[in-house]
There are 2 protein chains.
Amino acid sequence: MCLKSTKRGPDSKVNSLTNNRDISGVLKDGGSVIPGSLEAFHKLQNSGLPVKLVTNETQETKRSLALNLSSLGYDVNERDILPPCPAVVKLLKEQGLRPHLLVHPNVLGEFQELDQSNPNCVVIGDASDYFTYKNLDTAFKTLINMPKPRLFTLGRGRYYRDQSGLLVLDVGVFTAALEYAADVKAEVIGKPQPDFFHSAILEMGIKPEEVVMVGDDVVSDIGGAQSCGLKGVLVRT
Amino acid sequence: MCLKSTKRGPDSKVNSLTNNRDISGVLKDGGSVIPGSLEAFHKLQNSGLPVKLVTNETQETKRSLALNLSSLGYDVNERDILPPCPAVVKLLKEQGLRPHLLVHPNVLGEFQELDQSNPNCVVIGDASDYFTYKNLDTAFKTLINMPKPRLFTLGRGRYYRDQSGLLVLDVGVFTAALEYAADVKAEVIGKPQPDFFHSAILEMGIKPEEVVMVGDDVVSDIGGAQSCGLKGVLVRT
């Protein structure tokens, strides 16, 4: 992990957003800590600077992510983890939308407060093994039966490294599939969407130019951050 | 089904290519004959004009397609059915390619003469329920481990009407997914690829301008045929 100050000198403020599927790739790689990351993260925390973990992770809840990181030695409060599910729930509520969900069963509970009858949008997250032909086909049928189809995706990632260290397909691949099938353009909730970065900055209560985004994806992490006025630091994994 | 002559007058020659996923949509719709199609097809056959069925069907062999049509009242010889599997087998043999197959188990036998060890290309057909996350992920891993990834797809269709009459996802959707995942452009074997139409015309032993293509897909059927100098006739289903 690499950090830079946006204001140099003794009073400089360094704030960091980092990320999971990006937590994977920045703090850990598959099921292992990335050498040096644990020490860098502790150093950052001990400096008293605010840190948020901005992630496109949609297979786990904030709680299970925090537990997972804790088992690797990271001391992370779940309120400092910002995945897309709460953001999409907020947006759907604001717009009065009723989702058909194609998400991992682990995160279904996060949507329980929403009316899911007679859906007027589809939400796709990283469903992994639940990306079956039948589930994709049902999402497709739901979309084409809407007068005005809306598809929300919780990321555009092509692949990520799983617990065993292998590259595996990510949600962006199945988003591309549904976009092609139903001839619709998905709306991204997650990185690199500017609103997603802005909501994280809002929680930190500081200015964009005072924040450093550390990530391993040049488009979602660094490009997304830079378009919001943040500094981006790319780490290679 | 609608037919037109490319040369008018008493000596006019009308030849027809029609199609399945297009056979579905032209001769039948789901599991039922399209009203008028059976009579039109018989009339065409009785006129003595050559007819070929050019299809992107990759869930069934030529034999099972012929049997299926026969059960609906069509008298079709399997040698007059031209699906993409034999065409891709021919191409792979010519180019010394060893495929990793993501196809329906029904057509696996068509590839048995090919060496499939240490694959240097991926072939994707309409695998339907066999488009699992695991199978797509394996195809992805196979592609990204190639020095020069090659992906062949047996069509670009978004959806088709199944036996129960419902629209369901077609191979093009999963092709789009793999293209996005592995950042590769698929090569189409099937309609609207010109070589596919040309091989059908070659079998008929006549000139392109003497052939009429009847189909229900304006891009794959009509656009593809017209780009080869054939007349295209669009039917609406």
# chains A, B, ... in the order shown; residues from 1 in each chain; ligands from 1
call {"tool": "residues_around", "arguments": {"residues": "range 57-63 of chain A", "least_positions_apart": "6", "cutoff": "6 Å", "atoms": "only C-alpha atoms", "output": "tab-separated table (two decimals) with all heavy atoms, in the first residue's frame"}}
result
chain	number	residue	atom	x	y	z
A	21	ARG	N	-12.05	-5.87	-3.36
A	21	ARG	CA	-11.73	-6.53	-4.60
A	21	ARG	C	-10.95	-5.46	-5.20
A	21	ARG	O	-11.37	-4.73	-6.05
A	21	ARG	CB	-12.96	-6.85	-5.38
A	21	ARG	CG	-12.72	-7.53	-6.63
A	21	ARG	CD	-13.99	-8.21	-6.98
A	21	ARG	NE	-14.46	-8.99	-5.85
A	21	ARG	CZ	-15.56	-9.68	-5.88
A	21	ARG	NH1	-16.30	-9.66	-6.93
A	21	ARG	NH2	-15.94	-10.39	-4.85
A	78	GLU	N	-16.48	-2.40	11.05
A	78	GLU	CA	-17.32	-2.59	9.87
A	78	GLU	C	-17.93	-1.30	9.34
A	78	GLU	O	-18.27	-1.20	8.17
A	78	GLU	CB	-18.43	-3.64	10.11
A	78	GLU	CG	-19.44	-3.28	11.16
A	78	GLU	CD	-20.50	-4.37	11.32
A	78	GLU	OE1	-20.28	-5.28	12.14
A	78	GLU	OE2	-21.52	-4.31	10.63
A	83	PRO	N	-19.25	-1.02	0.99
A	83	PRO	CA	-19.55	-1.81	-0.21
A	83	PRO	C	-20.76	-1.23	-0.94
A	83	PRO	O	-21.46	-0.37	-0.41
A	83	PRO	CB	-19.85	-3.20	0.36
A	83	PRO	CG	-20.35	-2.94	1.75
A	83	PRO	CD	-19.91	-1.57	2.18
A	104	HIS	N	-25.67	-12.55	-4.73
A	104	HIS	CA	-25.27	-13.71	-3.94
A	104	HIS	C	-26.22	-13.86	-2.74
A	104	HIS	O	-26.58	-12.87	-2.11
A	104	HIS	CB	-23.83	-13.51	-3.44
A	104	HIS	CG	-23.18	-14.78	-3.02
A	104	HIS	ND1	-23.46	-15.37	-1.81
A	104	HIS	CD2	-22.30	-15.58	-3.66
A	104	HIS	CE1	-22.75	-16.48	-1.71
A	104	HIS	NE2	-22.04	-16.64	-2.82
A	106	ASN	N	-25.68	-14.57	0.17
A	106	ASN	CA	-25.11	-13.97	1.39
A	106	ASN	C	-25.58	-12.54	1.66
A	106	ASN	O	-25.58	-12.10	2.80
A	106	ASN	CB	-23.57	-13.91	1.29
A	106	ASN	CG	-22.92	-15.26	1.48
A	106	ASN	OD1	-23.59	-16.21	1.88
A	106	ASN	ND2	-21.65	-15.37	1.17
A	125	GLY	N	-25.38	-8.38	-8.73
A	125	GLY	CA	-24.15	-8.33	-7.93
A	125	GLY	C	-23.29	-9.52	-8.27
A	125	GLY	O	-23.60	-10.28	-9.20
A	126	ASP	N	-22.23	-9.73	-7.53
A	126	ASP	CA	-21.38	-10.88	-7.81
A	126	ASP	C	-22.01	-12.14	-7.23
A	126	ASP	O	-21.74	-12.53	-6.10
A	126	ASP	CB	-19.99	-10.65	-7.23
A	126	ASP	CG	-19.09	-11.86	-7.51
A	126	ASP	OD1	-19.48	-12.69	-8.36
A	126	ASP	OD2	-18.03	-11.98	-6.88
call {"tool": "select_by_dssp", "arguments": {"residues": "range 5-214 of chain A", "states": "strand (DSSP E or B)", "output": "NGL selection string"}}
result
:A and (15-18 or 20 or 22 or 28-29 or 32-33 or 51-54 or 81-82 or 99-102 or 121-124 or 151-153 or 159-161 or 167-169 or 187-188 or 211-214)
call {"tool": "atom_distance", "arguments": {"atom1": "CA of Val168 in chain A", "atom2": "CA of Ser71 in chain A"}}
result
22.8 Å
call {"tool": "interface_residues", "arguments": {"of": "chain A", "to": "chain B", "cutoff": "8 Å", "atoms": "only C-alpha atoms", "output": "PyMOL selection string"}}
result
chain A and resi 128-134+137+140-141+158-159+167-169+172-178+180-182
call {"tool": "write_last_selection", "arguments": {"atoms": "N, CA, C and O atoms", "output": "CSV table (one decimal), in the first residue's frame"}}
result
chain,number,residue,atom,x,y,z
A,128,SER,N,-21.6,-15.2,-8.3
A,128,SER,CA,-20.7,-16.3,-8.5
A,128,SER,C,-21.4,-17.6,-9.0
A,128,SER,O,-22.0,-17.5,-10.0
A,129,ASP,N,-21.4,-18.6,-8.2
A,129,ASP,CA,-22.0,-19.9,-8.6
A,129,ASP,C,-23.5,-19.8,-8.9
A,129,ASP,O,-24.1,-20.6,-9.6
A,130,TYR,N,-24.1,-18.7,-8.4
A,130,TYR,CA,-25.5,-18.5,-8.6
A,130,TYR,C,-25.8,-17.8,-10.0
A,130,TYR,O,-26.9,-17.5,-10.3
A,131,PHE,N,-24.7,-17.5,-10.7
A,131,PHE,CA,-24.9,-17.1,-12.1
A,131,PHE,C,-25.2,-18.3,-13.0
A,131,PHE,O,-24.3,-18.8,-13.7
A,132,THR,N,-26.3,-18.9,-12.8
A,132,THR,CA,-26.7,-20.1,-13.6
A,132,THR,C,-27.4,-19.6,-14.9
A,132,THR,O,-27.9,-18.4,-14.9
A,133,TYR,N,-27.6,-20.4,-15.8
A,133,TYR,CA,-28.3,-20.1,-17.0
A,133,TYR,C,-29.7,-19.7,-16.6
A,133,TYR,O,-30.3,-18.6,-17.1
A,134,LYS,N,-30.3,-20.4,-15.7
A,134,LYS,CA,-31.7,-20.1,-15.3
A,134,LYS,C,-31.9,-18.8,-14.7
A,134,LYS,O,-32.8,-18.0,-15.0
A,137,ASP,N,-31.4,-16.1,-17.2
A,137,ASP,CA,-32.5,-16.1,-18.1
A,137,ASP,C,-33.7,-15.4,-17.5
A,137,ASP,O,-34.5,-14.6,-18.1
A,140,PHE,N,-33.2,-11.7,-17.5
A,140,PHE,CA,-33.4,-11.3,-18.9
A,140,PHE,C,-34.9,-11.1,-19.1
A,140,PHE,O,-35.4,-10.1,-19.6
A,141,LYS,N,-35.7,-12.1,-18.8
A,141,LYS,CA,-37.1,-12.1,-19.0
A,141,LYS,C,-37.7,-10.9,-18.2
A,141,LYS,O,-38.7,-10.2,-18.7
A,158,ARG,N,-13.9,-7.4,-14.4
A,158,ARG,CA,-13.9,-8.6,-15.3
A,158,ARG,C,-13.6,-9.8,-14.4
A,158,ARG,O,-14.1,-10.9,-14.7
A,159,TYR,N,-12.6,-9.7,-13.5
A,159,TYR,CA,-12.2,-10.9,-12.7
A,159,TYR,C,-11.5,-10.4,-11.5
A,159,TYR,O,-11.2,-9.2,-11.3
A,167,LEU,N,-7.6,-16.4,-10.6
A,167,LEU,CA,-8.4,-15.4,-11.2
A,167,LEU,C,-9.8,-16.0,-11.6
A,167,LEU,O,-9.8,-17.1,-12.2
A,168,VAL,N,-10.9,-15.4,-11.2
A,168,VAL,CA,-12.2,-15.9,-11.4
A,168,VAL,C,-13.1,-14.8,-11.9
A,168,VAL,O,-12.8,-13.6,-11.7
A,169,LEU,N,-14.2,-15.2,-12.6
A,169,LEU,CA,-15.0,-14.2,-13.3
A,169,LEU,C,-15.7,-13.3,-12.2
A,169,LEU,O,-16.2,-13.8,-11.2
A,172,GLY,N,-18.9,-7.9,-13.7
A,172,GLY,CA,-18.9,-7.1,-14.9
A,172,GLY,C,-19.2,-8.0,-16.1
A,172,GLY,O,-19.8,-7.6,-17.1
A,173,VAL,N,-18.7,-9.3,-16.0
A,173,VAL,CA,-18.9,-10.2,-17.2
A,173,VAL,C,-20.4,-10.5,-17.4
A,173,VAL,O,-20.9,-10.6,-18.5
A,174,PHE,N,-21.1,-10.7,-16.3
A,174,PHE,CA,-22.5,-11.1,-16.4
A,174,PHE,C,-23.4,-9.9,-16.6
A,174,PHE,O,-24.5,-10.0,-17.2
A,175,THR,N,-22.8,-8.7,-16.2
A,175,THR,CA,-23.5,-7.5,-16.6
A,175,THR,C,-23.4,-7.3,-18.1
A,175,THR,O,-24.5,-6.9,-18.7
A,176,ALA,N,-22.3,-7.5,-18.7
A,176,ALA,CA,-22.1,-7.4,-20.1
A,176,ALA,C,-23.1,-8.4,-20.8
A,176,ALA,O,-23.7,-8.0,-21.9
A,177,ALA,N,-23.2,-9.6,-20.3
A,177,ALA,CA,-24.1,-10.6,-20.9
A,177,ALA,C,-25.6,-10.0,-20.9
A,177,ALA,O,-26.3,-10.1,-21.9
A,178,LEU,N,-26.1,-9.5,-19.7
A,178,LEU,CA,-27.4,-9.0,-19.7
A,178,LEU,C,-27.7,-7.8,-20.5
A,178,LEU,O,-28.7,-7.6,-21.1
A,180,TYR,N,-26.2,-7.1,-23.3
A,180,TYR,CA,-26.3,-7.6,-24.7
A,180,TYR,C,-27.6,-8.2,-24.9
A,180,TYR,O,-28.3,-8.0,-25.9
A,181,ALA,N,-28.1,-9.1,-24.0
A,181,ALA,CA,-29.3,-9.8,-24.2
A,181,ALA,C,-30.5,-8.9,-24.3
A,181,ALA,O,-31.4,-9.1,-25.2
A,182,ALA,N,-30.6,-7.9,-23.3
A,182,ALA,CA,-31.8,-7.1,-23.3
A,182,ALA,C,-31.6,-5.8,-23.9
A,182,ALA,O,-32.5,-4.9,-23.9
call {"tool": "select_by_dssp", "arguments": {"residues": "range 88-218 of chain B", "states": "alpha helix (DSSP H)", "output": "PyMOL selection string"}}
result
chain B and resi 88-94+133-144+171-182+194-204
call {"tool": "residues_around", "arguments": {"residues": "Ile23 in chain A", "least_positions_apart": "5", "cutoff": "9 Å", "atoms": "only C-alpha atoms", "output": "VMD selection string"}}
result
chain A and resid 18 28 to 29 53 to 55 57 69 215
call {"tool": "write_last_selection", "arguments": {"atoms": "all heavy atoms", "output": "PDB file, in the first residue's frame"}}
result
ATOM      1  N   THR A  18      -9.294   2.838   0.622  1.00  0.00           N
ATOM      2  CA  THR A  18      -8.767   1.668  -0.073  1.00  0.00           C
ATOM      3  C   THR A  18      -9.968   0.773  -0.371  1.00  0.00           C
ATOM      4  O   THR A  18     -11.101   1.222  -0.269  1.00  0.00           O
ATOM      5  CB  THR A  18      -7.645   0.982   0.722  1.00  0.00           C
ATOM      6  OG1 THR A  18      -7.140  -0.086  -0.063  1.00  0.00           O
ATOM      7  CG2 THR A  18      -8.083   0.467   2.063  1.00  0.00           C
ATOM      8  N   LYS A  28      -5.050  -7.838   0.890  1.00  0.00           N
ATOM      9  CA  LYS A  28      -4.823  -9.284   0.843  1.00  0.00           C
ATOM     10  C   LYS A  28      -4.870  -9.741  -0.605  1.00  0.00           C
ATOM     11  O   LYS A  28      -5.381  -9.032  -1.469  1.00  0.00           O
ATOM     12  CB  LYS A  28      -5.877 -10.029   1.679  1.00  0.00           C
ATOM     13  CG  LYS A  28      -7.318  -9.876   1.188  1.00  0.00           C
ATOM     14  CD  LYS A  28      -8.290 -10.450   2.195  1.00  0.00           C
ATOM     15  CE  LYS A  28      -9.742 -10.385   1.706  1.00  0.00           C
ATOM     16  NZ  LYS A  28     -10.076 -11.416   0.737  1.00  0.00           N
ATOM     17  N   ASP A  29      -4.343 -10.907  -0.828  1.00  0.00           N
ATOM     18  CA  ASP A  29      -4.351 -11.467  -2.175  1.00  0.00           C
ATOM     19  C   ASP A  29      -4.872 -12.886  -2.033  1.00  0.00           C
ATOM     20  O   ASP A  29      -4.195 -13.741  -1.463  1.00  0.00           O
ATOM     21  CB  ASP A  29      -2.926 -11.451  -2.746  1.00  0.00           C
ATOM     22  CG  ASP A  29      -2.928 -11.645  -4.244  1.00  0.00           C
ATOM     23  OD1 ASP A  29      -3.993 -11.466  -4.862  1.00  0.00           O
ATOM     24  OD2 ASP A  29      -1.864 -11.984  -4.794  1.00  0.00           O
ATOM     25  N   LEU A  53     -12.577   1.752   3.742  1.00  0.00           N
ATOM     26  CA  LEU A  53     -12.322   0.694   2.765  1.00  0.00           C
ATOM     27  C   LEU A  53     -13.464   0.696   1.762  1.00  0.00           C
ATOM     28  O   LEU A  53     -14.577   0.267   2.065  1.00  0.00           O
ATOM     29  CB  LEU A  53     -12.207  -0.658   3.468  1.00  0.00           C
ATOM     30  CG  LEU A  53     -11.138  -0.757   4.563  1.00  0.00           C
ATOM     31  CD1 LEU A  53     -11.099  -2.154   5.172  1.00  0.00           C
ATOM     32  CD2 LEU A  53      -9.751  -0.412   4.010  1.00  0.00           C
ATOM     33  N   VAL A  54     -13.190   1.229   0.578  1.00  0.00           N
ATOM     34  CA  VAL A  54     -14.211   1.342  -0.472  1.00  0.00           C
ATOM     35  C   VAL A  54     -14.091   0.131  -1.385  1.00  0.00           C
ATOM     36  O   VAL A  54     -13.079  -0.045  -2.056  1.00  0.00           O
ATOM     37  CB  VAL A  54     -14.007   2.635  -1.289  1.00  0.00           C
ATOM     38  CG1 VAL A  54     -15.100   2.775  -2.330  1.00  0.00           C
ATOM     39  CG2 VAL A  54     -14.004   3.831  -0.371  1.00  0.00           C
ATOM     40  N   THR A  55     -15.109  -0.686  -1.404  1.00  0.00           N
ATOM     41  CA  THR A  55     -15.002  -1.974  -2.082  1.00  0.00           C
ATOM     42  C   THR A  55     -16.191  -2.250  -2.984  1.00  0.00           C
ATOM     43  O   THR A  55     -17.296  -1.787  -2.712  1.00  0.00           O
ATOM     44  CB  THR A  55     -14.885  -3.098  -1.025  1.00  0.00           C
ATOM     45  OG1 THR A  55     -14.956  -4.360  -1.682  1.00  0.00           O
ATOM     46  CG2 THR A  55     -16.022  -3.027   0.007  1.00  0.00           C
ATOM     47  N   GLU A  57     -17.099  -5.288  -3.306  1.00  0.00           N
ATOM     48  CA  GLU A  57     -17.434  -6.631  -2.815  1.00  0.00           C
ATOM     49  C   GLU A  57     -18.943  -6.767  -2.623  1.00  0.00           C
ATOM     50  O   GLU A  57     -19.549  -5.978  -1.899  1.00  0.00           O
ATOM     51  CB  GLU A  57     -16.731  -6.863  -1.482  1.00  0.00           C
ATOM     52  CG  GLU A  57     -17.078  -8.182  -0.789  1.00  0.00           C
ATOM     53  CD  GLU A  57     -16.712  -9.381  -1.630  1.00  0.00           C
ATOM     54  OE1 GLU A  57     -15.570  -9.471  -2.079  1.00  0.00           O
ATOM     55  OE2 GLU A  57     -17.594 -10.233  -1.851  1.00  0.00           O
ATOM     56  N   LEU A  69     -11.165  -9.826   7.497  1.00  0.00           N
ATOM     57  CA  LEU A  69      -9.931  -9.034   7.627  1.00  0.00           C
ATOM     58  C   LEU A  69      -9.311  -9.205   9.009  1.00  0.00           C
ATOM     59  O   LEU A  69      -8.086  -9.280   9.142  1.00  0.00           O
ATOM     60  CB  LEU A  69     -10.234  -7.561   7.350  1.00  0.00           C
ATOM     61  CG  LEU A  69     -10.463  -7.213   5.874  1.00  0.00           C
ATOM     62  CD1 LEU A  69     -10.976  -5.794   5.723  1.00  0.00           C
ATOM     63  CD2 LEU A  69      -9.166  -7.389   5.077  1.00  0.00           C
ATOM     64  N   GLY A 215      -5.517   1.736  -4.815  1.00  0.00           N
ATOM     65  CA  GLY A 215      -6.197   0.603  -5.427  1.00  0.00           C
ATOM     66  C   GLY A 215      -5.319  -0.115  -6.423  1.00  0.00           C
ATOM     67  O   GLY A 215      -4.230   0.361  -6.753  1.00  0.00           O
TER      68      GLY A 215
END
call {"tool": "decode", "arguments": {"residues": "range 33-59 of chain A", "atoms": "N, CA, C and O atoms", "output": "compact mmCIF listing (two decimals), in the first residue's frame"}}
result
# COMPACT_ATOMS: atom_id res chain seq x y z
N VAL A 33 -2.40 -12.28 3.43
CA VAL A 33 -2.02 -10.87 3.53
C VAL A 33 -0.93 -10.58 2.50
O VAL A 33 -0.03 -11.39 2.30
N ILE A 34 -1.01 -9.43 1.85
CA ILE A 34 0.06 -9.01 0.93
C ILE A 34 1.23 -8.51 1.77
O ILE A 34 1.03 -7.68 2.67
N PRO A 35 2.44 -9.02 1.50
CA PRO A 35 3.59 -8.62 2.32
C PRO A 35 3.72 -7.10 2.40
O PRO A 35 3.68 -6.41 1.39
N GLY A 36 3.83 -6.61 3.61
CA GLY A 36 3.99 -5.16 3.83
C GLY A 36 2.70 -4.41 4.06
O GLY A 36 2.69 -3.33 4.65
N SER A 37 1.56 -4.99 3.60
CA SER A 37 0.29 -4.27 3.68
C SER A 37 -0.19 -4.11 5.12
O SER A 37 -0.70 -3.05 5.50
N LEU A 38 -0.03 -5.19 5.90
CA LEU A 38 -0.49 -5.15 7.29
C LEU A 38 0.24 -4.04 8.06
O LEU A 38 -0.38 -3.22 8.75
N GLU A 39 1.56 -4.00 7.88
CA GLU A 39 2.39 -3.00 8.58
C GLU A 39 1.99 -1.59 8.12
O GLU A 39 1.83 -0.67 8.94
N ALA A 40 1.83 -1.42 6.83
CA ALA A 40 1.48 -0.10 6.29
C ALA A 40 0.11 0.34 6.80
O ALA A 40 -0.09 1.52 7.15
N PHE A 41 -0.81 -0.61 6.88
CA PHE A 41 -2.17 -0.28 7.33
C PHE A 41 -2.17 0.12 8.81
O PHE A 41 -2.80 1.10 9.20
N HIS A 42 -1.41 -0.63 9.63
CA HIS A 42 -1.31 -0.31 11.06
C HIS A 42 -0.69 1.08 11.25
O HIS A 42 -1.15 1.88 12.06
N LYS A 43 0.34 1.35 10.48
CA LYS A 43 1.05 2.63 10.57
C LYS A 43 0.07 3.77 10.26
O LYS A 43 0.05 4.79 10.94
N LEU A 44 -0.72 3.54 9.25
CA LEU A 44 -1.71 4.53 8.83
C LEU A 44 -2.75 4.76 9.92
O LEU A 44 -3.07 5.90 10.26
N GLN A 45 -3.23 3.66 10.50
CA GLN A 45 -4.22 3.79 11.57
C GLN A 45 -3.65 4.50 12.79
O GLN A 45 -4.29 5.35 13.40
N ASN A 46 -2.39 4.16 13.11
CA ASN A 46 -1.76 4.76 14.29
C ASN A 46 -1.48 6.25 14.11
O ASN A 46 -1.32 6.98 15.08
N SER A 47 -1.44 6.68 12.86
CA SER A 47 -1.20 8.11 12.61
C SER A 47 -2.44 8.94 12.92
O SER A 47 -2.38 10.16 12.96
N GLY A 48 -3.56 8.28 13.13
CA GLY A 48 -4.80 8.98 13.47
C GLY A 48 -5.57 9.50 12.27
O GLY A 48 -6.62 10.14 12.42
N LEU A 49 -5.11 9.20 11.07
CA LEU A 49 -5.82 9.65 9.87
C LEU A 49 -7.04 8.76 9.61
O LEU A 49 -6.98 7.55 9.86
N PRO A 50 -8.13 9.34 9.12
CA PRO A 50 -9.29 8.51 8.81
C PRO A 50 -9.04 7.60 7.59
O PRO A 50 -8.41 8.02 6.63
N VAL A 51 -9.50 6.39 7.70
CA VAL A 51 -9.34 5.41 6.61
C VAL A 51 -10.69 4.75 6.34
O VAL A 51 -11.39 4.35 7.28
N LYS A 52 -11.07 4.67 5.08
CA LYS A 52 -12.29 3.94 4.69
C LYS A 52 -11.90 2.87 3.67
O LYS A 52 -11.01 3.10 2.84
N LEU A 53 -12.58 1.75 3.74
CA LEU A 53 -12.32 0.69 2.77
C LEU A 53 -13.46 0.70 1.76
O LEU A 53 -14.58 0.27 2.06
N VAL A 54 -13.19 1.23 0.58
CA VAL A 54 -14.21 1.34 -0.47
C VAL A 54 -14.09 0.13 -1.38
O VAL A 54 -13.08 -0.04 -2.06
N THR A 55 -15.11 -0.69 -1.40
CA THR A 55 -15.00 -1.97 -2.08
C THR A 55 -16.19 -2.25 -2.98
O THR A 55 -17.30 -1.79 -2.71
N ASN A 56 -15.96 -3.00 -4.05
CA ASN A 56 -17.06 -3.47 -4.89
C ASN A 56 -17.49 -4.88 -4.48
O ASN A 56 -18.18 -5.57 -5.23
N GLU A 57 -17.10 -5.29 -3.31
CA GLU A 57 -17.43 -6.63 -2.81
C GLU A 57 -18.94 -6.77 -2.62
O GLU A 57 -19.55 -5.98 -1.90
N THR A 58 -19.54 -7.76 -3.27
CA THR A 58 -20.98 -7.98 -3.10
C THR A 58 -21.30 -9.45 -2.84
O THR A 58 -22.40 -9.91 -3.07
N GLN A 59 -20.27 -10.17 -2.36
CA GLN A 59 -20.54 -11.57 -1.95
C GLN A 59 -20.65 -11.67 -0.44
O GLN A 59 -21.06 -12.69 0.08
